[in-house]
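For reference, run00.txt (compact mmCIF, C-alpha atoms and all ligand atoms):
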# COMPACT_ATOMS: atom_id res chain seq x y z
CA MET H 1 -14.94 35.48 -15.29
CA PRO H 2 -14.93 34.67 -11.55
CA LEU H 3 -12.29 32.24 -10.29
CA GLY H 4 -12.80 29.49 -7.72
CA PRO H 5 -10.49 28.53 -4.85
CA ALA H 6 -8.35 26.33 -7.10
CA GLY H 7 -8.13 29.02 -9.77
CA LEU H 8 -10.71 27.21 -11.89
CA LEU H 9 -13.24 29.17 -13.88
CA ILE H 10 -16.60 29.08 -12.15
CA MET H 11 -19.13 28.08 -14.79
CA LEU H 12 -22.10 28.20 -12.42
CA THR H 13 -23.00 31.55 -10.89
CA ARG H 14 -25.79 31.55 -8.35
CA GLU H 15 -27.54 34.90 -8.69
CA ILE H 16 -30.97 33.33 -8.37
CA ALA H 17 -32.70 36.54 -7.23
CA SER H 18 -32.24 37.86 -10.77
CA LEU H 19 -33.94 34.76 -12.23
CA THR H 20 -37.31 35.10 -10.49
CA ASP H 21 -39.26 35.76 -13.68
CA CYS H 22 -37.01 33.84 -16.04
CA ARG H 23 -38.71 30.94 -17.86
CA GLN H 24 -36.07 29.71 -20.28
CA GLY H 25 -32.50 28.53 -20.59
CA TYR H 26 -30.68 25.26 -20.02
CA LEU H 27 -32.47 22.47 -18.17
CA VAL H 28 -31.34 19.50 -16.06
CA ARG H 29 -33.97 16.72 -15.99
CA ILE H 30 -34.05 14.48 -12.91
CA ASN H 31 -36.26 11.54 -11.97
CA GLU H 32 -36.16 8.88 -9.25
CA GLN H 33 -33.78 6.78 -11.37
CA GLY H 34 -31.20 9.38 -12.28
CA ILE H 35 -30.41 12.29 -14.58
CA ALA H 36 -31.33 12.51 -18.28
CA ASP H 37 -28.54 12.40 -20.86
CA ASN H 38 -28.70 15.21 -23.44
CA GLY H 39 -27.63 12.81 -26.19
CA ARG H 40 -24.07 14.17 -26.12
CA ASN H 41 -22.97 12.52 -22.90
CA GLY H 42 -23.91 15.54 -20.78
CA VAL H 43 -26.71 16.62 -18.43
CA LEU H 44 -27.54 20.06 -19.91
CA GLN H 45 -30.55 19.98 -22.23
CA SER H 46 -30.30 22.58 -25.04
CA PRO H 47 -31.66 26.04 -24.16
CA GLY H 48 -35.43 26.29 -24.47
CA ARG H 49 -38.59 27.20 -22.57
CA TRP H 50 -38.71 25.60 -19.10
CA PRO H 51 -41.58 23.26 -18.18
CA GLU H 52 -43.96 23.91 -15.28
CA GLY H 53 -42.26 23.26 -11.93
CA ALA H 54 -38.71 24.01 -13.14
CA ILE H 55 -36.54 25.67 -10.46
CA ALA H 56 -33.89 28.17 -11.55
CA LEU H 57 -30.43 27.31 -10.17
CA GLY H 58 -28.29 30.14 -11.54
CA TYR H 59 -26.39 30.84 -14.73
CA TRP H 60 -24.26 28.36 -16.64
CA HIS H 61 -21.78 30.37 -18.73
CA GLN H 62 -24.14 33.36 -18.35
CA VAL H 63 -27.17 31.36 -19.62
CA PRO H 64 -29.96 30.65 -17.08
CA VAL H 65 -30.16 27.02 -15.96
CA ALA H 66 -32.96 25.21 -14.10
CA VAL H 67 -33.73 21.75 -12.76
CA VAL H 68 -37.00 19.90 -13.16
CA VAL H 69 -38.08 16.70 -11.41
CA GLU H 70 -40.06 14.38 -13.69
CA GLN H 71 -42.34 11.55 -12.66
CA GLY H 72 -41.55 9.09 -15.47
CA SER H 73 -39.76 5.82 -14.86
CA GLU H 74 -37.29 6.17 -17.73
CA SER H 75 -34.01 4.58 -16.72
CA TRP H 76 -31.62 7.51 -16.83
CA PRO H 77 -28.01 7.07 -15.66
CA PRO H 78 -27.82 7.20 -11.82
CA ALA H 79 -26.56 10.44 -10.27
CA ARG H 80 -23.58 8.62 -8.76
CA ASP H 81 -22.41 7.58 -12.25
CA TRP H 82 -22.62 11.16 -13.47
CA LEU H 83 -20.71 12.49 -10.47
CA GLY H 84 -17.95 9.98 -11.16
CA ARG H 85 -17.25 11.22 -14.67
CA LEU H 86 -18.09 14.95 -14.71
CA ASP H 87 -15.44 17.67 -14.56
CA GLU H 88 -15.34 19.89 -11.47
CA PRO H 89 -17.61 22.73 -12.71
CA SER H 90 -20.24 20.25 -13.96
CA PHE H 91 -19.98 18.36 -10.65
CA ALA H 92 -20.98 21.61 -8.89
CA LEU H 93 -23.95 22.08 -11.22
CA VAL H 94 -25.22 18.51 -10.77
CA SER H 95 -24.63 18.67 -7.03
CA THR H 96 -26.70 21.87 -6.85
CA ALA H 97 -29.47 20.45 -9.05
CA LEU H 98 -29.78 17.25 -7.00
CA GLN H 99 -29.87 19.04 -3.65
CA VAL H 100 -32.33 21.74 -4.72
CA ALA H 101 -34.62 19.12 -6.31
CA ARG H 102 -34.58 17.05 -3.13
CA TRP H 103 -35.29 20.10 -0.99
CA ALA H 104 -38.30 21.08 -3.14
CA ARG H 105 -39.63 17.52 -2.88
CA ASP H 106 -39.05 17.09 0.86
CA HIS H 107 -40.35 20.47 2.07
CA ARG H 108 -43.75 20.69 0.41
CA PHE H 109 -45.48 20.92 3.79
CA CYS H 110 -44.64 22.92 6.88
CA GLY H 111 -42.72 20.84 9.42
CA ARG H 112 -44.27 22.89 12.23
CA CYS H 113 -47.99 23.09 11.35
CA GLY H 114 -48.48 20.91 8.25
CA THR H 115 -49.74 23.63 5.89
CA ALA H 116 -48.63 23.51 2.21
CA MET H 117 -45.47 25.60 1.82
CA LYS H 118 -44.95 28.35 -0.77
CA ARG H 119 -41.70 29.17 -2.51
CA ARG H 120 -40.28 32.60 -1.61
CA ARG H 121 -39.34 34.70 -4.62
CA GLY H 122 -35.69 35.05 -5.43
CA GLU H 123 -34.17 32.61 -2.95
CA PHE H 124 -34.01 28.93 -2.09
CA ALA H 125 -36.57 29.20 0.69
CA MET H 126 -40.01 27.68 1.30
CA GLU H 127 -42.30 29.62 3.61
CA CYS H 128 -45.43 28.54 5.45
CA PRO H 129 -48.29 30.98 4.70
CA GLU H 130 -49.95 30.00 8.00
CA CYS H 131 -47.19 30.22 10.64
CA GLY H 132 -44.27 31.79 8.75
CA HIS H 133 -41.89 28.86 9.28
CA ARG H 134 -39.17 28.71 6.60
CA SER H 135 -37.25 25.77 5.20
CA TYR H 136 -34.00 26.04 3.29
CA PRO H 137 -32.14 23.33 1.36
CA ARG H 138 -30.65 21.00 3.94
CA ILE H 139 -26.88 20.76 4.06
CA SER H 140 -25.43 18.16 6.44
CA PRO H 141 -21.87 18.92 7.57
CA CYS H 142 -19.53 15.93 7.82
CA ILE H 143 -15.87 15.58 8.62
CA ILE H 144 -13.63 13.36 6.57
CA THR H 145 -10.13 12.78 7.84
CA LEU H 146 -6.88 11.12 6.90
CA VAL H 147 -5.17 9.98 10.08
CA THR H 148 -1.40 9.68 9.69
CA HIS H 149 1.54 8.51 11.79
CA GLY H 150 4.88 9.47 10.25
CA ARG H 151 4.65 8.19 6.68
CA GLU H 152 1.84 5.75 7.44
CA LEU H 153 -1.80 6.26 6.53
CA LEU H 154 -4.69 4.91 8.58
CA LEU H 155 -7.28 3.58 6.15
CA ALA H 156 -10.44 1.66 6.89
CA ARG H 157 -13.19 -0.13 5.05
CA SER H 158 -16.93 -0.02 5.51
CA PRO H 159 -19.02 -3.13 4.77
CA ARG H 160 -20.64 -1.07 1.96
CA PHE H 161 -17.37 -0.60 0.02
CA PRO H 162 -16.48 -2.57 -3.12
CA SER H 163 -14.18 -5.50 -2.37
CA GLY H 164 -10.60 -4.52 -1.55
CA ARG H 165 -11.24 -0.78 -1.13
CA PHE H 166 -10.06 1.18 1.90
CA SER H 167 -10.70 4.86 2.57
CA THR H 168 -10.34 7.69 5.08
CA LEU H 169 -12.68 7.99 8.09
CA ALA H 170 -15.81 10.13 7.94
CA GLY H 171 -18.87 11.01 9.96
CA PHE H 172 -21.58 13.59 10.58
CA ILE H 173 -20.98 16.52 12.90
CA GLU H 174 -23.35 16.26 15.85
CA PRO H 175 -25.46 19.23 17.12
CA GLY H 176 -23.33 21.54 19.26
CA GLU H 177 -20.05 20.04 18.09
CA SER H 178 -17.14 21.75 16.28
CA ALA H 179 -15.60 20.10 13.22
CA GLU H 180 -12.37 19.46 15.15
CA GLU H 181 -14.26 17.79 17.98
CA ALA H 182 -16.06 15.63 15.43
CA VAL H 183 -12.70 14.54 13.96
CA ARG H 184 -11.43 13.41 17.38
CA ARG H 185 -14.70 11.70 18.31
CA GLU H 186 -15.21 9.86 15.00
CA VAL H 187 -11.63 8.59 14.85
CA PHE H 188 -11.82 7.34 18.43
CA GLU H 189 -15.28 5.77 17.99
CA GLU H 190 -14.48 4.02 14.71
CA VAL H 191 -10.91 2.80 15.25
CA GLY H 192 -10.01 3.62 18.89
CA VAL H 193 -7.14 5.95 17.96
CA CYS H 194 -6.41 9.29 19.69
CA VAL H 195 -5.31 12.15 17.48
CA GLY H 196 -3.11 15.16 18.26
CA ARG H 197 -2.64 17.95 15.73
CA ILE H 198 -5.49 18.48 13.26
CA SER H 199 -5.23 20.62 10.13
CA TYR H 200 -7.88 21.66 7.63
CA PHE H 201 -7.44 20.60 3.99
CA ARG H 202 -10.45 21.58 1.84
CA SER H 203 -14.15 20.82 1.43
CA GLN H 204 -16.44 19.17 -1.10
CA SER H 205 -20.19 19.14 -1.59
CA TRP H 206 -21.47 15.56 -1.80
CA PRO H 207 -25.12 15.45 -2.87
CA MET H 208 -25.86 11.85 -1.78
CA PRO H 209 -28.13 13.17 -0.43
CA HIS H 210 -26.89 16.50 1.00
CA SER H 211 -23.55 16.10 2.74
CA PHE H 212 -20.94 18.82 3.00
CA MET H 213 -17.58 17.12 3.51
CA MET H 214 -14.90 19.05 5.40
CA GLY H 215 -11.51 17.42 4.91
CA TYR H 216 -8.89 17.28 7.68
CA TYR H 217 -5.52 15.73 8.36
CA ALA H 218 -5.11 14.31 11.85
CA GLU H 219 -1.83 13.14 13.38
CA ALA H 220 -2.25 10.02 15.51
CA SER H 221 -1.00 10.11 19.08
CA SER H 222 -1.76 6.39 19.59
CA ARG H 223 -1.37 3.50 17.13
CA GLU H 224 -3.32 0.57 18.46
CA LEU H 225 -6.53 -0.08 16.54
CA GLU H 226 -9.82 -1.09 18.07
CA ILE H 227 -12.42 -1.41 15.33
CA ASP H 228 -16.09 -0.78 16.06
CA GLY H 229 -17.16 -3.64 13.73
CA VAL H 230 -20.31 -1.82 12.61
CA GLU H 231 -19.40 1.23 10.55
CA ILE H 232 -15.89 -0.14 10.07
CA GLU H 233 -15.15 -3.81 9.35
CA ALA H 234 -11.38 -3.50 8.87
CA ALA H 235 -8.70 -0.86 9.35
CA ASP H 236 -4.93 -0.78 9.22
CA TRP H 237 -1.81 1.36 8.93
CA PHE H 238 -0.43 1.44 5.39
CA LEU H 239 2.94 2.57 4.04
CA PRO H 240 2.81 4.59 0.78
CA GLU H 241 4.46 1.63 -1.03
CA GLN H 242 1.82 -0.85 0.15
CA LEU H 243 -1.53 0.82 -0.35
CA PRO H 244 -4.77 -1.11 -0.76
CA GLY H 245 -7.54 -0.23 -3.27
CA LEU H 246 -8.35 3.48 -2.90
CA PRO H 247 -11.50 5.58 -3.38
CA PRO H 248 -12.23 7.11 -6.82
CA SER H 249 -10.22 10.10 -8.03
CA TYR H 250 -13.08 12.63 -7.80
CA SER H 251 -13.66 12.05 -4.06
CA ILE H 252 -12.24 14.33 -1.38
CA SER H 253 -11.09 11.16 0.37
CA ARG H 254 -8.78 10.43 -2.57
CA HIS H 255 -7.63 14.06 -2.70
CA LEU H 256 -6.64 13.84 0.98
CA ILE H 257 -4.65 10.66 0.31
CA ASP H 258 -2.99 11.86 -2.91
CA ASN H 259 -2.04 15.21 -1.40
CA PHE H 260 -0.46 13.49 1.61
CA LEU H 261 1.49 11.09 -0.61
CA HIS H 262 2.67 13.98 -2.76
CA SER H 263 3.76 16.05 0.23
CA THR H 264 5.66 13.18 1.87
CA ALA H 265 7.30 11.86 -1.33
CA GLY H 266 11.04 12.37 -1.06
CA PHE H 267 10.93 12.25 2.74
CA GLN H 268 11.65 8.55 3.07
CA GLY H 269 11.77 8.03 6.80
ZN ZN H 301 -46.59 26.33 9.33

Could I get this structure in the form of structure tokens?
Ligand SMILES: [Zn+2]
Amino acid sequence: MPLGPAGLLIMLTREIASLTDCRQGYLVRINEQGIADNGRNGVLQSPGRWPEGAIALGYWHQVPVAVVVEQGSESWPPARDWLGRLDEPSFALVSTALQVARWARDHRFCGRCGTAMKRRRGEFAMECPECGHRSYPRISPCIITLVTHGRELLLARSPRFPSGRFSTLAGFIEPGESAEEAVRREVFEEVGVCVGRISYFRSQSWPMPHSFMMGYYAEASSRELEIDGVEIEAADWFLPEQLPGLPPSYSISRHLIDNFLHSTAGFQG
């Protein structure tokens, strides 16, 4: 069995070229409200023949798996709820299903000439039969960064957060920009702090709707905060002993924070 970066078994393998003519296997059912429960608190419907419009995603434990978008208004649990309670391999499956489903829905017509697009066999690609333009699932790279100063963590809250929660800073990478440049720009724009050394941590796919979060640590070279008041409504330096409410455990934001706390524990300065 293939192993992932953290040594975890990879349950989802993505050999979609081999699934071109496959019409059966597991199925993930999605609608505008959320993702269907299989009756056993999971998202995988028992293996069977796939309905019209199902899109193969890969193999789940060597069994083909597809996603289908349904029109009904049944109130299935929201995707965000699922992401909050799934284990890491299932998170990858749901993340893939959500992003592929959105791509298929949002690229039905050519963005260049308006002709109806056709799916290319064996890959996640839509092609315009008129002008040849191709569209692939959109992935939007973002940086997410924990700014530190000695043992202190710079955490901020957005007006969208639940009451009392603070988190790391994040933002989209702009065209033409490197991830490291985006870290420096976002931190300065949002809280007015300059950062010195930057180091890469790890990444996480975040399918709400198609972000790719690249996690970094950034060491502050200035401490004074100047909050933008729009994306950020409050920010402060926190000691490990005096942390506010933190983001949920499955988020890369929380992984950045927990890993920093773990690595500085025992270095009481
Ligand atoms: Zn076209």

Please report, as a Markdown table, each residue of chain H lying at most 8 Å from ligand ZN 301 (chain H), together with the nearest pair of atoms and the separation in Å rounded to one decimal; use only C-alpha atoms and all ligand atoms, and order rows by chain and ascending residue number.
| residue | atom | partner | partner_atom | distance |
| --- | --- | --- | --- | --- |
| H:Phe109 | CA | H:ZN301 | ZN | 7.8 |
| H:Cys110 | CA | H:ZN301 | ZN | 4.6 |
| H:Gly111 | CA | H:ZN301 | ZN | 6.7 |
| H:Arg112 | CA | H:ZN301 | ZN | 5.1 |
| H:Cys113 | CA | H:ZN301 | ZN | 4.1 |
| H:Gly114 | CA | H:ZN301 | ZN | 5.8 |
| H:Thr115 | CA | H:ZN301 | ZN | 5.4 |
| H:Ala116 | CA | H:ZN301 | ZN | 7.9 |
| H:Met117 | CA | H:ZN301 | ZN | 7.6 |
| H:Glu127 | CA | H:ZN301 | ZN | 7.9 |
| H:Cys128 | CA | H:ZN301 | ZN | 4.6 |
| H:Pro129 | CA | H:ZN301 | ZN | 6.8 |
| H:Glu130 | CA | H:ZN301 | ZN | 5.2 |
| H:Cys131 | CA | H:ZN301 | ZN | 4.1 |
| H:Gly132 | CA | H:ZN301 | ZN | 6.0 |
| H:His133 | CA | H:ZN301 | ZN | 5.3 |

**Report entry** Nearest to Val183 in chain H by atom-to-atom distance, counting all atoms listed in the file, from H:Phe161, H:Trp60, H:Phe212, H:Tyr217
**Finding:** H:Tyr217

Query raised in the report: Skipping near chain neighbours, those fewer than 4 positions away, what residues fall within 8 Å of Glu226 in chain H using all atoms listed in the file, listed as a ChimeraX atom specification?
Result: /H:190-193

Query raised in the report: Near Ser249 in chain H, counting only C-alpha atoms, which residues have an atom at most 10 Å away, once you skip same-chain residues fewer than 4 positions from it, shown as a ChimeraX atom specification?
Result: /H:84-85,253-255,258

Query raised in the report: Between H:Phe91, H:Trp76, H:Phe166, H:Trp82, which one has atoms that come closest to Leu12 in chain H, using all atoms listed in the file?
Result: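 Among the listed residues, H:Phe91 lies closest to Leu12 in chain H.
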
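Taking all atoms listed in the file into account, Val67 in chain H lies nearest to H:Ser95 out of the set H:Ser95, H:Leu225, H:Arg80, H:Pro89.
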
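The gap separating CA of Asp81 in chain H from CA of Arg108 in chain H is 28.1 Å, in Å to one decimal.
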
Report task. Report the distance between CA of Ser90 in chain H and CA of Arg202 in chain H in Å, rounded to one decimal place. Result ->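 Value for the CA of Ser90 in chain H-CA of Arg202 in chain H distance: 18.6 Å.
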
Mind dumping a table of every range 178-225 of chain H residue within 9 Å of range 99-107 of chain H, with the nearest atom pair and its distance in Å to one decimal, using only C-alpha atoms, sorted by chain and rising number, as CSV?
residue,atom,partner,partner_atom,distance
H:Pro207,CA,H:Gln99,CA,6.0
H:Met208,CA,H:Gln99,CA,8.4
H:Pro209,CA,H:Gln99,CA,6.9
H:His210,CA,H:Gln99,CA,6.1

Report task. Quick one: residues within 12 Å of (-15.8, -2.5, 15.9) (file frame), counting all atoms listed in the file, please, as JSON, numbers by chain. Result -> {"H": [156, 157, 158, 159, 187, 188, 189, 190, 191, 192, 225, 226, 227, 228, 229, 230, 231, 232, 233, 234, 235]}

Report task. Fewer than 3 positions away in the same chain doesn't count, so skip those; otherwise give me all residues within 9 Å of Ala125 in chain H, counting all atoms listed in the file, as a PyMOL selection string. Result -> chain H and resi 118-122+134-137

Query raised in the report: Closest to Asp87 in chain H among H:Val43, H:Ala36, H:Val28, H:Ala265, using all atoms listed in the file?
Result: H:Val43

Query - Atomic separation - CA of Arg138 in chain H relative to CA of Glu180 in chain H, Å - result: 21.5 Å

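With all atoms listed in the file as the atoms that count, the residue of H:Met213, H:Ala92, H:Ile144, H:Leu243 with the shortest distance to Glu186 in chain H is H:Ile144.
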
Query raised in the report: Using only C-alpha atoms, what residues lie at most 10 Å away from (-36.9, 6.7, -9.2) (file coordinates), given as an MDAnalysis selection string?
Result: chainID H and resid 30:34 70:76 78
